[in-house]
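Asker: Coordinates in my_file.tsv, TSV, C-alpha atoms, are listed below.
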```tsv
chain	number	residue	atom	x	y	z
A	37	MET	CA	-9.21	-11.75	44.84
A	38	ASP	CA	-12.71	-10.99	43.50
A	39	ALA	CA	-11.50	-7.74	41.96
A	40	ARG	CA	-8.62	-9.55	40.24
A	41	VAL	CA	-10.96	-12.18	38.78
A	42	GLU	CA	-13.30	-9.46	37.59
A	43	ARG	CA	-10.48	-7.61	35.81
A	44	LYS	CA	-9.41	-10.88	34.16
A	45	ARG	CA	-12.96	-11.46	32.92
A	46	LYS	CA	-13.07	-7.98	31.46
A	47	ARG	CA	-9.79	-8.56	29.64
A	48	THR	CA	-10.95	-11.87	28.14
A	49	ARG	CA	-14.37	-10.55	27.10
A	50	TRP	CA	-14.77	-10.12	23.33
A	51	ARG	CA	-15.15	-6.48	22.42
A	52	LYS	CA	-16.07	-4.51	19.33
A	53	HIS	CA	-12.42	-3.53	18.96
A	54	ASP	CA	-11.48	-7.20	18.70
A	55	THR	CA	-14.02	-7.72	15.92
A	56	GLU	CA	-12.62	-4.83	13.92
A	57	LEU	CA	-9.07	-6.13	14.24
A	58	THR	CA	-10.19	-9.64	13.29
A	59	LEU	CA	-11.92	-8.40	10.13
A	60	LEU	CA	-8.85	-6.34	9.30
A	61	ALA	CA	-6.58	-9.40	9.63
A	62	LEU	CA	-8.99	-11.79	7.85
A	63	PRO	CA	-7.76	-11.21	4.24
A	64	THR	CA	-4.15	-11.77	5.26
A	65	THR	CA	-5.11	-14.86	7.25
A	66	ILE	CA	-6.99	-16.34	4.30
A	67	TRP	CA	-4.04	-15.59	2.00
A	68	TYR	CA	-1.62	-17.39	4.33
A	69	ILE	CA	-3.92	-20.39	4.63
A	70	LEU	CA	-4.36	-20.73	0.86
A	71	PHE	CA	-0.82	-20.00	-0.31
A	72	CYS	CA	1.41	-20.89	2.66
A	73	PHE	CA	-0.21	-23.60	4.78
A	74	LEU	CA	-2.21	-25.66	2.28
A	75	PRO	CA	0.78	-26.07	-0.09
A	76	MET	CA	2.71	-27.61	2.82
A	77	PHE	CA	0.86	-30.79	1.95
A	78	GLY	CA	3.28	-31.12	-0.95
A	79	VAL	CA	6.20	-31.54	1.46
A	80	ILE	CA	5.57	-35.29	1.50
A	81	ILE	CA	6.78	-35.40	-2.12
A	82	ALA	CA	10.30	-35.22	-0.66
A	83	PHE	CA	9.72	-38.65	0.89
A	84	LYS	CA	8.08	-40.30	-2.14
A	85	ASP	CA	9.04	-41.57	-5.56
A	86	PHE	CA	6.78	-39.03	-7.22
A	87	LYS	CA	5.22	-40.24	-10.46
A	88	ILE	CA	2.95	-38.26	-12.74
A	89	HIS	CA	-0.03	-40.39	-13.78
A	90	GLY	CA	-3.11	-38.30	-12.95
A	91	ASN	CA	-4.09	-35.25	-10.95
A	92	PHE	CA	-1.78	-33.91	-8.28
A	93	VAL	CA	-3.54	-35.46	-5.28
A	94	ASN	CA	-3.62	-38.91	-6.89
A	95	ASN	CA	0.05	-38.56	-7.81
A	96	VAL	CA	0.99	-37.82	-4.21
A	97	VAL	CA	-1.21	-40.52	-2.70
A	98	ASN	CA	-0.31	-43.29	-5.16
A	99	SER	CA	3.45	-42.63	-5.32
A	100	ALA	CA	5.57	-45.07	-3.31
A	101	TRP	CA	7.29	-44.05	-0.09
A	102	VAL	CA	11.08	-44.00	-0.30
A	103	GLY	CA	11.93	-42.44	3.05
A	104	PHE	CA	15.12	-40.36	2.99
A	105	LYS	CA	16.37	-41.80	-0.30
A	106	ASN	CA	15.64	-38.53	-2.14
A	107	PHE	CA	18.03	-36.71	0.19
A	108	GLU	CA	20.98	-38.97	-0.55
A	109	PHE	CA	21.94	-37.45	-3.90
A	110	LEU	CA	22.83	-34.15	-2.22
A	111	PHE	CA	25.46	-35.85	-0.07
A	112	LYS	CA	26.59	-38.67	-2.35
A	113	SER	CA	27.40	-36.38	-5.23
A	114	ASN	CA	31.09	-36.18	-6.11
A	115	ASP	CA	30.82	-32.40	-5.98
A	116	ALA	CA	28.97	-32.21	-2.65
A	117	TRP	CA	31.87	-30.45	-0.93
A	118	ILE	CA	32.19	-27.87	-3.72
A	119	VAL	CA	28.47	-27.14	-3.66
A	120	ILE	CA	28.27	-26.79	0.13
A	121	ARG	CA	31.46	-24.70	0.22
A	122	ASN	CA	30.16	-22.30	-2.42
A	123	THR	CA	26.70	-22.00	-0.89
A	124	ILE	CA	27.84	-21.28	2.66
A	125	GLY	CA	31.00	-19.37	1.72
A	126	TYR	CA	29.29	-16.90	-0.59
A	127	ASN	CA	26.44	-16.37	1.86
A	128	ILE	CA	28.82	-15.56	4.72
A	129	ILE	CA	30.43	-12.88	2.56
A	130	PHE	CA	27.02	-11.62	1.44
A	131	ILE	CA	25.81	-11.35	5.04
A	132	ILE	CA	28.87	-9.42	6.20
A	133	LEU	CA	28.95	-7.02	3.26
A	134	GLY	CA	25.14	-6.86	3.13
A	135	ILE	CA	25.15	-5.24	6.56
A	136	ALA	CA	28.40	-3.26	6.64
A	137	VAL	CA	28.11	-1.52	3.26
A	138	PRO	CA	24.40	-0.50	3.38
A	139	VAL	CA	24.77	0.77	6.96
A	140	THR	CA	27.80	2.84	5.96
A	141	LEU	CA	26.05	4.31	2.93
A	142	ALA	CA	22.88	4.99	4.93
A	143	LEU	CA	24.95	6.92	7.47
A	144	MET	CA	26.61	8.91	4.69
A	145	VAL	CA	23.35	9.73	2.89
A	146	GLY	CA	21.71	10.60	6.19
A	147	GLN	CA	24.37	13.29	6.75
A	148	LEU	CA	23.53	15.11	3.51
A	149	HIS	CA	22.01	18.55	4.04
A	150	SER	CA	20.30	18.53	0.63
A	151	ARG	CA	17.17	16.36	0.76
A	152	LYS	CA	16.94	16.48	-3.04
A	153	ALA	CA	20.44	15.06	-3.44
A	154	ALA	CA	19.68	12.37	-0.86
A	155	LYS	CA	16.61	11.26	-2.80
A	156	VAL	CA	18.58	11.17	-6.05
A	157	TYR	CA	21.24	8.94	-4.49
A	158	GLN	CA	18.61	6.66	-2.97
A	159	THR	CA	16.86	6.27	-6.32
A	160	MET	CA	20.10	5.55	-8.17
A	161	MET	CA	21.15	2.90	-5.64
A	162	PHE	CA	17.67	1.34	-5.39
A	163	LEU	CA	17.07	1.08	-9.15
A	164	PRO	CA	19.19	-2.10	-9.74
A	165	TYR	CA	17.05	-3.96	-7.19
A	166	PHE	CA	14.11	-3.90	-9.63
A	167	LEU	CA	16.10	-5.37	-12.51
A	168	SER	CA	15.74	-9.08	-13.21
A	169	TRP	CA	18.83	-11.25	-13.41
A	170	VAL	CA	18.07	-11.81	-17.09
A	171	VAL	CA	18.59	-8.11	-17.74
A	172	VAL	CA	21.63	-8.03	-15.44
A	173	SER	CA	23.19	-11.00	-17.24
A	174	ALA	CA	22.84	-9.14	-20.54
A	175	VAL	CA	24.57	-6.11	-19.02
A	176	VAL	CA	27.38	-8.32	-17.70
A	177	TRP	CA	27.74	-9.91	-21.14
A	178	ALA	CA	28.17	-6.45	-22.63
A	179	PHE	CA	31.16	-5.95	-20.34
A	180	LEU	CA	32.69	-9.43	-20.49
A	181	SER	CA	32.01	-10.59	-24.04
A	182	TYR	CA	35.16	-11.84	-25.73
A	183	ASP	CA	34.56	-10.11	-29.08
A	184	LYS	CA	32.86	-6.83	-28.19
A	185	GLY	CA	33.03	-6.66	-24.41
A	186	ILE	CA	33.97	-3.33	-22.85
A	187	PHE	CA	36.67	-4.93	-20.69
A	188	ASN	CA	38.41	-6.53	-23.66
A	189	GLN	CA	38.21	-3.33	-25.67
A	190	PHE	CA	39.82	-1.57	-22.73
A	191	LEU	CA	42.61	-4.18	-22.68
A	192	SER	CA	43.11	-3.80	-26.42
A	193	ASP	CA	43.59	-0.05	-26.02
A	194	PHE	CA	46.52	-0.84	-23.73
A	195	SER	CA	47.95	-3.45	-26.12
A	196	GLN	CA	46.86	-6.34	-23.90
A	197	ASP	CA	45.47	-9.64	-25.15
A	198	PRO	CA	41.70	-10.06	-24.70
A	199	LYS	CA	40.49	-12.58	-22.15
A	200	ASN	CA	37.69	-15.08	-22.30
A	201	TRP	CA	36.17	-14.00	-19.00
A	202	TYR	CA	33.62	-16.80	-18.99
A	203	MET	CA	36.46	-19.31	-18.79
A	204	GLU	CA	38.52	-17.51	-16.14
A	205	ALA	CA	37.25	-18.99	-12.87
A	206	SER	CA	39.64	-16.99	-10.67
A	207	TYR	CA	37.83	-13.71	-11.38
A	208	TRP	CA	34.26	-14.84	-10.85
A	209	PRO	CA	34.08	-14.93	-7.05
A	210	TYR	CA	34.79	-11.19	-7.16
A	211	PHE	CA	32.30	-10.64	-9.98
A	212	LEU	CA	29.55	-12.52	-8.14
A	213	VAL	CA	30.12	-10.69	-4.85
A	214	PHE	CA	30.14	-7.35	-6.67
A	215	MET	CA	26.95	-8.10	-8.63
A	216	ASN	CA	25.14	-9.26	-5.51
A	217	MET	CA	26.12	-6.08	-3.66
A	218	TRP	CA	25.31	-3.85	-6.63
A	219	LYS	CA	21.83	-5.28	-7.06
A	220	GLY	CA	20.82	-5.55	-3.39
A	221	LEU	CA	22.62	-2.54	-1.95
A	222	GLY	CA	19.76	-0.09	-2.42
A	223	TYR	CA	17.20	-2.29	-0.66
A	224	GLY	CA	19.27	-2.62	2.50
A	225	MET	CA	20.29	1.02	2.48
A	226	VAL	CA	16.67	2.21	2.30
A	227	ILE	CA	15.75	0.10	5.34
A	228	TYR	CA	18.60	1.50	7.43
A	229	LEU	CA	18.01	5.03	6.14
A	230	ALA	CA	14.35	4.82	7.14
A	231	THR	CA	15.50	3.87	10.63
A	232	ILE	CA	17.83	6.86	10.76
A	233	THR	CA	15.19	9.35	9.60
A	234	SER	CA	12.71	8.09	12.21
A	235	MET	CA	15.08	8.79	15.12
A	236	ASP	CA	14.20	11.51	17.62
A	237	SER	CA	16.07	14.69	16.65
A	238	THR	CA	16.26	15.84	20.27
A	239	TYR	CA	19.09	13.36	20.85
A	240	TYR	CA	21.20	15.11	18.24
A	241	GLU	CA	20.24	18.58	19.44
A	242	ALA	CA	21.39	17.69	22.95
A	243	ALA	CA	24.60	16.21	21.55
A	244	VAL	CA	25.35	19.37	19.57
A	245	ILE	CA	24.85	21.48	22.70
A	246	ASP	CA	27.33	19.23	24.52
A	247	GLY	CA	29.83	19.74	21.69
A	248	ALA	CA	29.69	16.24	20.16
A	249	THR	CA	31.21	15.80	16.71
A	250	LYS	CA	29.50	14.03	13.81
A	251	TRP	CA	31.49	10.87	14.48
A	252	GLN	CA	30.56	10.95	18.17
A	253	GLN	CA	26.89	11.43	17.28
A	254	THR	CA	27.07	8.46	14.92
A	255	ARG	CA	28.90	6.26	17.40
A	256	TYR	CA	26.90	7.02	20.53
A	257	ILE	CA	23.45	7.85	19.12
A	258	THR	CA	22.82	6.61	15.58
A	259	LEU	CA	24.45	3.18	15.72
A	260	PRO	CA	22.98	2.22	19.15
A	261	LEU	CA	19.50	3.22	17.94
A	262	MET	CA	20.03	1.20	14.73
A	263	LYS	CA	21.18	-1.88	16.63
A	264	PHE	CA	17.79	-3.59	16.74
A	265	VAL	CA	17.23	-3.27	12.97
A	266	ILE	CA	20.79	-4.38	12.18
A	267	VAL	CA	20.43	-7.46	14.38
A	268	LEU	CA	17.03	-8.23	12.88
A	269	MET	CA	18.40	-8.06	9.33
A	270	PHE	CA	21.32	-10.26	10.38
A	271	ILE	CA	19.02	-12.93	11.84
A	272	LEU	CA	16.86	-12.97	8.71
A	273	ALA	CA	19.93	-13.15	6.47
A	274	VAL	CA	21.31	-16.11	8.42
A	275	GLY	CA	18.10	-17.98	7.60
A	276	HIS	CA	19.09	-17.97	3.90
A	277	ILE	CA	22.63	-19.21	4.41
A	278	PHE	CA	21.79	-22.56	2.76
A	279	SER	CA	20.03	-20.94	-0.19
A	280	THR	CA	21.34	-18.80	-3.02
A	281	ASP	CA	19.92	-16.60	-5.75
A	282	PHE	CA	19.56	-18.89	-8.74
A	283	GLY	CA	19.71	-16.03	-11.23
A	284	LEU	CA	23.01	-14.75	-9.85
A	285	PHE	CA	24.80	-18.10	-9.96
A	286	PHE	CA	23.26	-19.56	-13.11
A	287	GLN	CA	22.17	-16.80	-15.47
A	288	VAL	CA	24.94	-14.26	-14.89
A	289	PRO	CA	27.79	-16.79	-15.55
A	290	ARG	CA	25.69	-18.13	-18.46
A	291	ASP	CA	26.03	-21.72	-17.19
A	292	SER	CA	29.68	-21.92	-18.24
A	293	ASN	CA	31.17	-25.33	-17.48
A	294	SER	CA	34.58	-23.72	-16.95
A	295	LEU	CA	33.13	-21.85	-13.94
A	296	TYR	CA	31.54	-24.92	-12.36
A	297	ASN	CA	33.77	-24.96	-9.26
A	298	VAL	CA	33.04	-21.32	-8.34
A	299	THR	CA	29.41	-20.87	-9.44
A	300	THR	CA	27.67	-24.14	-8.56
A	301	THR	CA	25.55	-23.90	-5.41
A	302	VAL	CA	22.79	-26.11	-4.03
A	303	ASP	CA	20.09	-24.39	-6.10
A	304	VAL	CA	22.12	-24.61	-9.31
A	305	LEU	CA	22.98	-28.27	-8.66
A	306	VAL	CA	19.34	-29.18	-8.09
A	307	PHE	CA	18.31	-27.44	-11.31
A	308	LYS	CA	20.96	-29.30	-13.28
A	309	GLN	CA	20.13	-32.59	-11.58
A	310	LEU	CA	16.49	-32.26	-12.62
A	311	LYS	CA	17.55	-33.30	-16.12
A	312	THR	CA	18.30	-36.76	-14.75
A	313	ALA	CA	16.88	-36.69	-11.21
A	314	THR	CA	13.27	-36.80	-10.06
A	315	VAL	CA	10.81	-34.26	-8.71
A	316	GLY	CA	11.15	-35.90	-5.31
A	317	MET	CA	14.88	-35.09	-5.21
A	318	ALA	CA	14.25	-31.44	-6.00
A	319	SER	CA	11.53	-31.32	-3.36
A	320	ALA	CA	13.86	-32.96	-0.84
A	321	SER	CA	16.52	-30.34	-1.47
A	322	SER	CA	14.06	-27.49	-1.03
A	323	PHE	CA	12.63	-29.06	2.12
A	324	LEU	CA	16.10	-29.54	3.60
A	325	GLN	CA	17.02	-25.92	2.84
A	326	SER	CA	13.85	-24.69	4.54
A	327	VAL	CA	14.39	-26.81	7.66
A	328	LEU	CA	18.04	-25.81	7.98
A	329	GLY	CA	17.16	-22.17	7.34
A	330	CYS	CA	14.54	-22.22	10.10
A	331	ALA	CA	17.03	-23.88	12.44
A	332	MET	CA	19.63	-21.21	11.67
A	333	ILE	CA	17.16	-18.41	12.39
A	334	LEU	CA	16.20	-19.94	15.73
A	335	THR	CA	19.86	-20.54	16.60
A	336	ALA	CA	20.92	-17.00	15.66
A	337	ASN	CA	18.03	-15.54	17.62
A	338	TRP	CA	18.93	-17.71	20.63
A	339	VAL	CA	22.52	-16.47	20.53
A	340	VAL	CA	21.38	-12.86	20.25
A	341	ARG	CA	18.96	-13.33	23.14
A	342	ARG	CA	21.77	-14.67	25.31
A	343	VAL	CA	24.06	-11.76	24.43
A	344	ASP	CA	21.50	-8.92	24.26
A	345	PRO	CA	17.89	-9.90	25.13
A	346	ASP	CA	16.53	-6.53	23.98
A	347	SER	CA	17.72	-7.09	20.41
A	348	ALA	CA	16.24	-10.59	19.94
A	349	MET	CA	13.18	-11.20	17.81
A	350	ILE	CA	11.34	-13.24	20.45
```
Could the structure of this file be written out as structure tokens, please?
Answerer:
Amino acid sequence: MDARVERKRKRTRWRKHDTELTLLALPTTIWYILFCFLPMFGVIIAFKDFKIHGNFVNNVVNSAWVGFKNFEFLFKSNDAWIVIRNTIGYNIIFIILGIAVPVTLALMVGQLHSRKAAKVYQTMMFLPYFLSWVVVSAVVWAFLSYDKGIFNQFLSDFSQDPKNWYMEASYWPYFLVFMNMWKGLGYGMVIYLATITSMDSTYYEAAVIDGATKWQQTRYITLPLMKFVIVLMFILAVGHIFSTDFGLFFQVPRDSNSLYNVTTTVDVLVFKQLKTATVGMASASSFLQSVLGCAMILTANWVVRRVDPDSAMI
């Protein structure tokens, strides 16, 4: 018993190594306190009738409490079902394709014998990720413009009537899914490709000796070793299921009223409502998205832990 107590004391004793790690983590800790935890004070705006009549602290303190009244406009809106359907529906598609397509491309690029060609493909696929949606919307306009758009010129060459693409709602779900994949594909592929390149090559050498084909190596070695990263990316993606990329759904369609039913999500609705709504309503929407997102992450992680404990985050 005395030996066990002594070992426990040694483990709890502060050491020089602990000081070094603390100093190393100090800048990050300070950054999180200043930019992540202190701004949480502003969450109470979601429960107040926020009025601007002085500095920020006085505005928050002196504004009247309204409880959950700021949350009501999200559910009482006539288009609440359309907004929720678009937000969740698009995100489900984005999550599925955002895992399946990058994993497939990462496996394909990882099989290339030429490292130079692999780097070229990675760079080409990763480049759109750095473009802003303002630039992307201009590129889309060059394709879909009624007068000089490439698509309409292509239709004219085949004696077809030009289309006003920004008024054709039936096409835009496909456009939005494609643009989301095109812009974010490289980021996901690089993550999975980094996982593949870090795998122990001895597994593959042993598989080749046993006569395993490329497909068998992928199925029984690569994919099982990638499972943890795939599950982790899935859990993190589920946390954003109630949020959407504002630039994709507002700037790319150029805020066309004809596309309202297929492009309006929670973020777009809140932005439009700010013309007539209050700051408290916008804050309430953001707060609700954060809470629901956190709940979805915890739920997804709980399900994963029940199915495969080794793949869960915690």
Asker: With 12 Å as the cut-off and all atoms listed in the file counted, what is the closest atom pair between each nearby residue of stretch 197-284 of chain A and stretch 312-324 of chain A? Distances in Å to one decimal, ordered by chain and number, as a tab-separated table.
Answerer:
```
residue	atom	partner	partner_atom	distance
A:His276	CA	A:Ser322	CA	11.8
A:Phe278	CA	A:Leu324	CA	9.0
A:Ser279	CA	A:Ser322	CA	8.9
A:Thr280	CA	A:Ser322	CA	11.5
```
Asker: In terms of the shortest atom-to-atom distance over only C-alpha atoms, which of A:Pro75, A:Gly224, A:Pro209, A:Gly329 is closest to A:Ile277?
Answerer: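 Looking at the shortest contact to A:Ile277, the residue is A:Gly329.
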Asker: Compare A:Ser113, A:Asn337, A:Gln158, A:Thr238 by their minimum atom-to-atom distance to A:Val302, counting only C-alpha atoms, and give me the closest one.
Answerer: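 Smallest distance to A:Val302 is found for A:Ser113.
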Asker: State, in Å with one decimal place, the distance from atom CA of A:Asp236 to atom CA of A:Gln253.
Answerer: 12.7 Å
Asker: So what do you get for atom CA of A:Ala142 versus atom CA of A:Tyr228, distance-wise?
Answerer: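 Taking atom CA of A:Ala142 as the start and atom CA of A:Tyr228 as the end point, the length is 6.1 Å.
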Asker: Write out as number ranges by chain the residues lying within 12 Å of A:Lys84, counting only C-alpha atoms and excluding same-chain residues fewer than 2 positions away.
Answerer: A: 78-82, 86-88, 95-107, 314-320
Asker: So which one's closest to A:Met215, A:Gly247, A:Pro198, A:Pro289, A:Gly146? Using all atoms listed in the file, please.
Answerer: A:Pro289
